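Everything on this sheet refers to the single structure shown next.
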Amino acid sequence: MLVTIITPRWFTFKISDTIYLINNIYIYAILKKSKRTKNLRFMLRKLLTVIALFGITSYTIAQTQSGTLKGTITEDATGESVPMANVVVELNGTIIAGAVADFDGKYTIKPIDPGKYTVKISFIGFATKEISDVLITSNKITFVNAALKTESSVIGEVELVEYVVPLIDPDKTGAVKTKEEITALPTRNVQSVAAQTAGIYQEDEGGDVNVRGARSDATFYYIDGVKVRASNKLPQASIEQMTVITGGLPASYGDATGGIISITTRGPSNEFFGGVEVVSSSLLDPYGYNLLGFNLSGPLMKNSEGNSILGFFLSGEYESLEDGDPSAVGNYKIKEDVMEDLEENPLIFSVNNDVVQAQRASEFISMEDLEYIDAKQNVARKNARLQGKIDFKPTLNTNITLGGNFANTIYRDYIYGYSLFNPSNNPETEEQSWRVFGRFQQSFGASGDEQSASTLKNAFFTLQADYSKDTQSTYDVDHRDNLFNYGYIGKFTPVRELVENTPLEWQGEENTIDIIGLDENGVPTPGDTLFDVFTSDGAGGTLFGLTQNLISYYDFEAGDLNPNATSYTQSYFDFVGAESVTTLDQITGIGAAVNGDRTEFVHSLWYNTGREYNGYSKENNSQFRFTGMASADIKDHAIQFGFEYEQRDNRYYGVSPVGLWTLAEQRVNNYVGLYDGPYEFLSQDEVTGEYLITSQKHLQL
């Protein structure tokens, strides 16, 4: 029979353990003709009518971050089913969830947060069976079948069994990493842990991952159901489980084209516990790795049965290291005394045929001036991470969770061109991410015999809201956002004098100039503006005289913002004297610097001392999400639907601040190009009555 179902895009349903994703407005499903099918169709029709009230939108199903426990209870001796058996899920002695098997001995328990649990199965006349370390994974079904033995055949009251992960998982499309496995790995990086999964490639430790050939940005990360856009760093002690999905993505991740890495953090404990972790390599190697971590958990409120109804979990880490990516062959550095001399005297001057010449002192460095080092210079990194969660469970079927995490990283970027002569100017980057979320989960259903006979089972819904904030800044550590400090060498003051310099061509009878008139105070007066004024007096002379305010030389006042770059210019002025410096081009031509200049390469390999990082950038991203999900079992069929609302705000700007000095110079002298010809102002001598023209090219109007 062909059935057409009109649904919202985000509706999914499951028939005979086959999951269907409705990704369009229409879906066609072939259902067998039977009384059971007719009942199912009737129930679906009523459910779809309710769903239609939400409207047909383009949402995706919300991330559930929960798993399902399912199985069959039988007699060990006969293999017959055990109806009405009690199944309880416990964590640290606290009952988390439970169910009663139906008449066929089958049971289903959901939702269950990912983690390891103890499952207890009991029934009158049979010994209680306790299965420990049952692994529950998000968005997956864990099958636990149990064969109960009679009380007489078991020594003691309880049969203890340890759960064994199936060798073949028919639903496996990736891997699950438990907290024990993560702790045993020689890495604390989330990407590196995920890279242990088949089908995932990672170029280097801590780098991005590629899932089955997809680009790295096609892989999405989730932490407690919160979509992560920036840092996914967490304290290692806070991770309960990591689920890596490399293919066959569930409907809840409809917008990912690569893979999914979903992390579930640890929840509160029924008893207080805590721990401190200290790791250091400072006494053993030059890379300076240090780590201080802690975790603390416990109940804040208990009910009359001694079970926690309000609890917390908190963990944090502080990590520092001098070189996180050391070279296999080591590095070289300039000896301290040699480097100090290079920074103070970067140029070597000489005079040849009365012409001053200069050579870079760094070009005379030899192997005797170097020393071998293991760790790179000035590439230190500091990380701080904090994660917390509060659970409030007033009833067995109601759970409210509040949580969040914070990560801050400050590090110096490694630039190979700076590594030998200029490591002190490595830029600094600061990254900060924080996220908060609130989740409300409500389960419904009868208990005992009513649950076993009920048609609708394991109904629940989850609502979650979260907000994320991610910022990143890259800058020179001395200047940060003081943009005009970048590239500042010092103050160059032109010393001028008036020189009469009337051009010979002004004697020509056809020669004209454009003149802007000046009043008696030397202020331009638009009413006196003249255009195309003849300069010749008709007798071989001129009507006007030209007096120019020429620059004789430059005085230099050294700045203290970039001392190593200023040393180039200061050493040049000290050698030749200020009165010998008549143009700014003379300064840059010798290898010194003016405002807005940076030092060049040495041997085309490394930048010279004093070269400043020319960059400042800031990024500010935020994200708000609201998700909802509902699920229910109808006999052996599971129906699940949900929605997701996501709002992003991305902001970024960057500037090359050293270049602002060039723009400022062009802006100051912008008036030079406003009119044709030179800027000359007309004035008249009060005694002789002679008209004078003064050139003011360096004066801003």
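Ordered as shown in the structure tokens, chains take letters A, B, and onward, while each chain numbers its residues from 1 and ligands are numbered from 1 in the order shown.
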Residues of stretch 167-346 of chain A in strand (DSSP E), written as number ranges by chain = A: 174-178, 200-202, 209-211, 220-223, 226-228, 239-245, 260-265, 273-280, 290-302, 308-321, 331-334
Close residues, A:Asp649 itself excluded, 10 Å, only C-alpha atoms, min 2 positions apart in chain, as a count of residues only = 8
Between A:Val356, A:Asn92, A:Val276, A:Gly577, smallest distance to A:Gly298 by only C-alpha atoms belongs to A:Asn92
12 Å contact set for A:Ser153, only C-alpha atoms, chain neighbours under 4 positions out, as a PyMOL selection string | chain A and resi 76-77+125-128+148-149+157-159
In terms of the shortest atom-to-atom distance over only C-alpha atoms, which of A:Ile373, A:Leu291, A:Ala85, A:Ile390 is closest to A:Gln236?
-> A:Leu291
Mind checking which residues fall within 10 Å of A:Thr535, counting only C-alpha atoms, ignoring those fewer than 6 positions away in the same chain, and posting them as JSON, numbers by chain?
-> {"A": [505, 506, 507, 508, 509, 510, 511, 512, 513, 541, 542, 543, 544, 545]}
Writing out the chosen residues with N, CA, C and O atoms as a short mmCIF file (atom, residue, chain, number, x, y, z; two decimals), in the first residue's frame:
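Saved result, selection.cif, follows:
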data_model
loop_
_atom_site.label_atom_id
_atom_site.label_comp_id
_atom_site.auth_asym_id
_atom_site.auth_seq_id
_atom_site.Cartn_x
_atom_site.Cartn_y
_atom_site.Cartn_z
N GLU A 505 61.88 81.62 -16.53
CA GLU A 505 60.78 81.58 -17.50
C GLU A 505 59.70 82.62 -17.19
O GLU A 505 58.84 82.90 -18.02
N TRP A 506 59.73 83.19 -15.97
CA TRP A 506 58.74 84.20 -15.63
C TRP A 506 58.94 85.49 -16.46
O TRP A 506 58.07 86.35 -16.51
N GLN A 507 60.13 85.61 -17.10
CA GLN A 507 60.38 86.80 -17.92
C GLN A 507 59.69 86.71 -19.29
O GLN A 507 59.57 87.72 -19.99
N GLY A 508 59.25 85.53 -19.65
CA GLY A 508 58.57 85.36 -20.93
C GLY A 508 57.23 86.06 -20.95
O GLY A 508 56.47 86.00 -19.97
N GLU A 509 56.94 86.73 -22.08
CA GLU A 509 55.73 87.55 -22.16
C GLU A 509 54.46 86.69 -22.12
O GLU A 509 53.39 87.19 -21.75
N GLU A 510 54.55 85.44 -22.52
CA GLU A 510 53.36 84.59 -22.56
C GLU A 510 53.20 83.73 -21.30
O GLU A 510 52.26 82.94 -21.20
N ASN A 511 54.13 83.84 -20.36
CA ASN A 511 54.10 82.98 -19.16
C ASN A 511 53.05 83.48 -18.17
O ASN A 511 52.98 84.67 -17.86
N THR A 512 52.23 82.55 -17.69
CA THR A 512 51.23 82.88 -16.67
C THR A 512 51.32 81.87 -15.52
O THR A 512 51.82 80.76 -15.68
N ILE A 513 50.81 82.28 -14.38
CA ILE A 513 50.74 81.40 -13.21
C ILE A 513 49.39 81.58 -12.54
O ILE A 513 48.72 82.60 -12.72
N GLY A 541 61.79 91.91 -17.80
CA GLY A 541 61.80 91.66 -16.35
C GLY A 541 60.54 90.94 -15.93
O GLY A 541 59.75 90.45 -16.75
N THR A 542 60.31 90.87 -14.63
CA THR A 542 59.14 90.19 -14.09
C THR A 542 58.35 91.12 -13.20
O THR A 542 58.88 92.06 -12.61
N LEU A 543 57.07 90.87 -13.14
CA LEU A 543 56.21 91.64 -12.24
C LEU A 543 56.29 91.14 -10.80
O LEU A 543 55.95 91.87 -9.88
N PHE A 544 56.70 89.89 -10.64
CA PHE A 544 56.69 89.28 -9.31
C PHE A 544 58.07 88.71 -8.98
O PHE A 544 58.87 88.38 -9.87
N GLY A 545 58.31 88.56 -7.68
CA GLY A 545 59.49 87.83 -7.22
C GLY A 545 59.04 86.61 -6.43
O GLY A 545 58.04 86.66 -5.72
#
Give me the residues near A:Ile415 as a PDB file with N, CA, C and O atoms, in the first residue's frame, where near means some atom within 9 Å (using only C-alpha atoms) and where sequence neighbours in that chain fewer than 4 positions away do not count.
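Written out: out-v6.pdb:
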ATOM      1  N   SER A 419      62.972  34.567  13.395  1.00  0.00           N
ATOM      2  CA  SER A 419      63.501  33.628  14.387  1.00  0.00           C
ATOM      3  C   SER A 419      64.945  33.877  14.793  1.00  0.00           C
ATOM      4  O   SER A 419      65.326  33.553  15.918  1.00  0.00           O
ATOM      5  N   PRO A 423      63.280  37.754  17.127  1.00  0.00           N
ATOM      6  CA  PRO A 423      62.238  36.972  17.808  1.00  0.00           C
ATOM      7  C   PRO A 423      61.443  37.779  18.833  1.00  0.00           C
ATOM      8  O   PRO A 423      60.321  37.410  19.168  1.00  0.00           O
ATOM      9  N   ASN A 426      57.830  38.793  17.723  1.00  0.00           N
ATOM     10  CA  ASN A 426      56.785  37.840  17.338  1.00  0.00           C
ATOM     11  C   ASN A 426      55.427  38.357  17.816  1.00  0.00           C
ATOM     12  O   ASN A 426      55.294  38.792  18.968  1.00  0.00           O
ATOM     13  N   PRO A 427      54.425  38.349  16.969  1.00  0.00           N
ATOM     14  CA  PRO A 427      53.107  38.861  17.381  1.00  0.00           C
ATOM     15  C   PRO A 427      52.462  37.959  18.420  1.00  0.00           C
ATOM     16  O   PRO A 427      52.807  36.785  18.563  1.00  0.00           O
TER      17      PRO A 427
END
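The coordinates place atom CA of A:Glu428 at 8.2 Å from atom CA of A:Ser473.
Rounded to one decimal, atom CA of A:Thr471 and atom CA of A:Ser231 lie 9.9 Å from each other.
Nearest residue to A:Ile124 among A:Val477, A:Val82, A:Ala465, A:Ala146 is A:Val82, counting only C-alpha atoms.
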Near A:Gln357, counting only C-alpha atoms, which residues have an atom at most 9 Å away, once you skip same-chain residues fewer than 6 positions from it, shown as a list in words?
-> Ile348, Phe349, Ser350, Val351 and Ile590 of chain A
Using the selection just defined, write its residues with all heavy atoms as a compact mmCIF listing (two decimals), in the first residue's frame.
# COMPACT_ATOMS: atom_id res chain seq x y z
N ILE A 348 76.78 49.82 10.15
CA ILE A 348 78.21 50.14 10.18
C ILE A 348 78.47 51.18 9.10
O ILE A 348 78.25 50.92 7.91
CB ILE A 348 79.06 48.87 9.93
CG1 ILE A 348 78.77 47.82 11.01
CG2 ILE A 348 80.54 49.22 9.89
CD1 ILE A 348 79.48 46.50 10.76
N PHE A 349 78.91 52.38 9.49
CA PHE A 349 79.07 53.50 8.56
C PHE A 349 80.53 53.65 8.12
O PHE A 349 81.47 53.32 8.86
CB PHE A 349 78.61 54.80 9.22
CG PHE A 349 77.15 54.82 9.58
CD1 PHE A 349 76.74 54.55 10.88
CD2 PHE A 349 76.19 55.08 8.62
CE1 PHE A 349 75.40 54.55 11.21
CE2 PHE A 349 74.85 55.09 8.93
CZ PHE A 349 74.45 54.82 10.23
N SER A 350 80.67 54.16 6.90
CA SER A 350 81.99 54.48 6.36
C SER A 350 81.83 55.63 5.37
O SER A 350 80.71 55.94 4.94
CB SER A 350 82.60 53.26 5.66
OG SER A 350 81.79 52.85 4.57
N VAL A 351 82.96 56.28 5.04
CA VAL A 351 82.95 57.40 4.09
C VAL A 351 83.88 57.07 2.94
O VAL A 351 85.05 56.75 3.15
CB VAL A 351 83.39 58.71 4.77
CG1 VAL A 351 83.38 59.85 3.76
CG2 VAL A 351 82.49 59.03 5.95
N ILE A 590 70.00 55.33 3.06
CA ILE A 590 71.20 54.82 3.72
C ILE A 590 70.91 53.53 4.48
O ILE A 590 71.82 52.84 4.95
CB ILE A 590 71.77 55.89 4.66
CG1 ILE A 590 73.24 55.61 4.97
CG2 ILE A 590 70.95 55.96 5.95
CD1 ILE A 590 74.16 55.79 3.78
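Summary of the local environment: counting only C-alpha atoms, residues at most 8 Å from A:Ala632, other than itself and those fewer than 3 positions away along its chain, are Leu456, Lys457, Asn458, Ala459, Phe460, Ala638, Ile639 and Gln640 of chain A.
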Only all heavy atoms, please: the residues just picked out, written as a PDB file, in the first residue's frame.
ATOM      1  N   LEU A 456       1.780   3.620  24.153  1.00  0.00           N
ATOM      2  CA  LEU A 456       2.737   4.723  24.026  1.00  0.00           C
ATOM      3  C   LEU A 456       3.722   4.667  25.188  1.00  0.00           C
ATOM      4  O   LEU A 456       3.328   4.738  26.355  1.00  0.00           O
ATOM      5  CB  LEU A 456       1.997   6.061  24.026  1.00  0.00           C
ATOM      6  CG  LEU A 456       2.840   7.309  23.791  1.00  0.00           C
ATOM      7  CD1 LEU A 456       3.397   7.321  22.374  1.00  0.00           C
ATOM      8  CD2 LEU A 456       2.011   8.567  24.041  1.00  0.00           C
ATOM      9  N   LYS A 457       4.993   4.492  24.872  1.00  0.00           N
ATOM     10  CA  LYS A 457       6.023   4.350  25.901  1.00  0.00           C
ATOM     11  C   LYS A 457       7.159   5.343  25.652  1.00  0.00           C
ATOM     12  O   LYS A 457       7.335   5.849  24.546  1.00  0.00           O
ATOM     13  CB  LYS A 457       6.613   2.937  25.897  1.00  0.00           C
ATOM     14  CG  LYS A 457       5.622   1.819  26.132  1.00  0.00           C
ATOM     15  CD  LYS A 457       6.331   0.483  26.067  1.00  0.00           C
ATOM     16  CE  LYS A 457       5.365  -0.674  26.235  1.00  0.00           C
ATOM     17  NZ  LYS A 457       6.052  -1.987  26.136  1.00  0.00           N
ATOM     18  N   ASN A 458       7.924   5.551  26.739  1.00  0.00           N
ATOM     19  CA  ASN A 458       9.183   6.316  26.659  1.00  0.00           C
ATOM     20  C   ASN A 458       9.005   7.676  25.982  1.00  0.00           C
ATOM     21  O   ASN A 458       9.850   8.117  25.200  1.00  0.00           O
ATOM     22  CB  ASN A 458      10.256   5.515  25.909  1.00  0.00           C
ATOM     23  CG  ASN A 458      10.601   4.219  26.605  1.00  0.00           C
ATOM     24  OD1 ASN A 458      10.844   4.195  27.811  1.00  0.00           O
ATOM     25  ND2 ASN A 458      10.593   3.135  25.847  1.00  0.00           N
ATOM     26  N   ALA A 459       7.889   8.311  26.238  1.00  0.00           N
ATOM     27  CA  ALA A 459       7.671   9.644  25.671  1.00  0.00           C
ATOM     28  C   ALA A 459       8.439  10.674  26.495  1.00  0.00           C
ATOM     29  O   ALA A 459       8.416  10.650  27.727  1.00  0.00           O
ATOM     30  CB  ALA A 459       6.188   9.975  25.652  1.00  0.00           C
ATOM     31  N   PHE A 460       9.119  11.560  25.823  1.00  0.00           N
ATOM     32  CA  PHE A 460       9.837  12.632  26.517  1.00  0.00           C
ATOM     33  C   PHE A 460      10.098  13.767  25.535  1.00  0.00           C
ATOM     34  O   PHE A 460      10.024  13.593  24.317  1.00  0.00           O
ATOM     35  CB  PHE A 460      11.161  12.126  27.094  1.00  0.00           C
ATOM     36  CG  PHE A 460      12.225  11.845  26.072  1.00  0.00           C
ATOM     37  CD1 PHE A 460      13.169  12.814  25.733  1.00  0.00           C
ATOM     38  CD2 PHE A 460      12.295  10.612  25.433  1.00  0.00           C
ATOM     39  CE1 PHE A 460      14.145  12.562  24.792  1.00  0.00           C
ATOM     40  CE2 PHE A 460      13.270  10.352  24.492  1.00  0.00           C
ATOM     41  CZ  PHE A 460      14.210  11.325  24.162  1.00  0.00           C
ATOM     42  N   ALA A 638       9.509   3.819  16.820  1.00  0.00           N
ATOM     43  CA  ALA A 638       9.952   5.040  17.494  1.00  0.00           C
ATOM     44  C   ALA A 638       9.713   6.234  16.582  1.00  0.00           C
ATOM     45  O   ALA A 638      10.014   6.189  15.388  1.00  0.00           O
ATOM     46  CB  ALA A 638      11.443   4.944  17.841  1.00  0.00           C
ATOM     47  N   ILE A 639       9.126   7.267  17.160  1.00  0.00           N
ATOM     48  CA  ILE A 639       8.886   8.503  16.420  1.00  0.00           C
ATOM     49  C   ILE A 639       9.644   9.625  17.124  1.00  0.00           C
ATOM     50  O   ILE A 639       9.579   9.758  18.345  1.00  0.00           O
ATOM     51  CB  ILE A 639       7.380   8.830  16.352  1.00  0.00           C
ATOM     52  CG1 ILE A 639       6.636   7.709  15.624  1.00  0.00           C
ATOM     53  CG2 ILE A 639       7.146  10.164  15.657  1.00  0.00           C
ATOM     54  CD1 ILE A 639       5.144   7.914  15.588  1.00  0.00           C
ATOM     55  N   GLN A 640      10.327  10.414  16.341  1.00  0.00           N
ATOM     56  CA  GLN A 640      11.138  11.488  16.913  1.00  0.00           C
ATOM     57  C   GLN A 640      11.086  12.708  15.995  1.00  0.00           C
ATOM     58  O   GLN A 640      11.170  12.581  14.775  1.00  0.00           O
ATOM     59  CB  GLN A 640      12.594  11.019  17.063  1.00  0.00           C
ATOM     60  CG  GLN A 640      13.540  12.051  17.644  1.00  0.00           C
ATOM     61  CD  GLN A 640      14.932  11.474  17.839  1.00  0.00           C
ATOM     62  OE1 GLN A 640      15.072  10.359  18.343  1.00  0.00           O
ATOM     63  NE2 GLN A 640      15.937  12.207  17.432  1.00  0.00           N
TER      64      GLN A 640
END
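Minimum distance to A:Asn485 across A:Asp560, A:Asp325, A:Asp102, A:Glu180 (counting only C-alpha atoms) occurs at A:Asp560.
The two atoms in question, atom CA of A:Gln570 and atom CA of A:Phe556, are spaced 7.9 Å apart.
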Have a look at A:Thr137, A:Gln377, A:Asn501, A:Asn352 and name the one nearest to A:Asn331; count only C-alpha atoms.
-> A:Gln377
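Residues of stretch 468-620 of chain A carrying a DSSP assignment of alpha helix (DSSP H), computed from the backbone, are A:Pro563, A:Asn564, A:Ala565, A:Thr566, A:Ser567, A:Tyr568, A:Thr569, A:Gln570, A:Ser571, A:Tyr572, A:Phe573, A:Asp574, A:Phe575, A:Val576, A:Leu584, A:Asp585, A:Gln586, A:Ile587, A:Thr588, A:Gly589.
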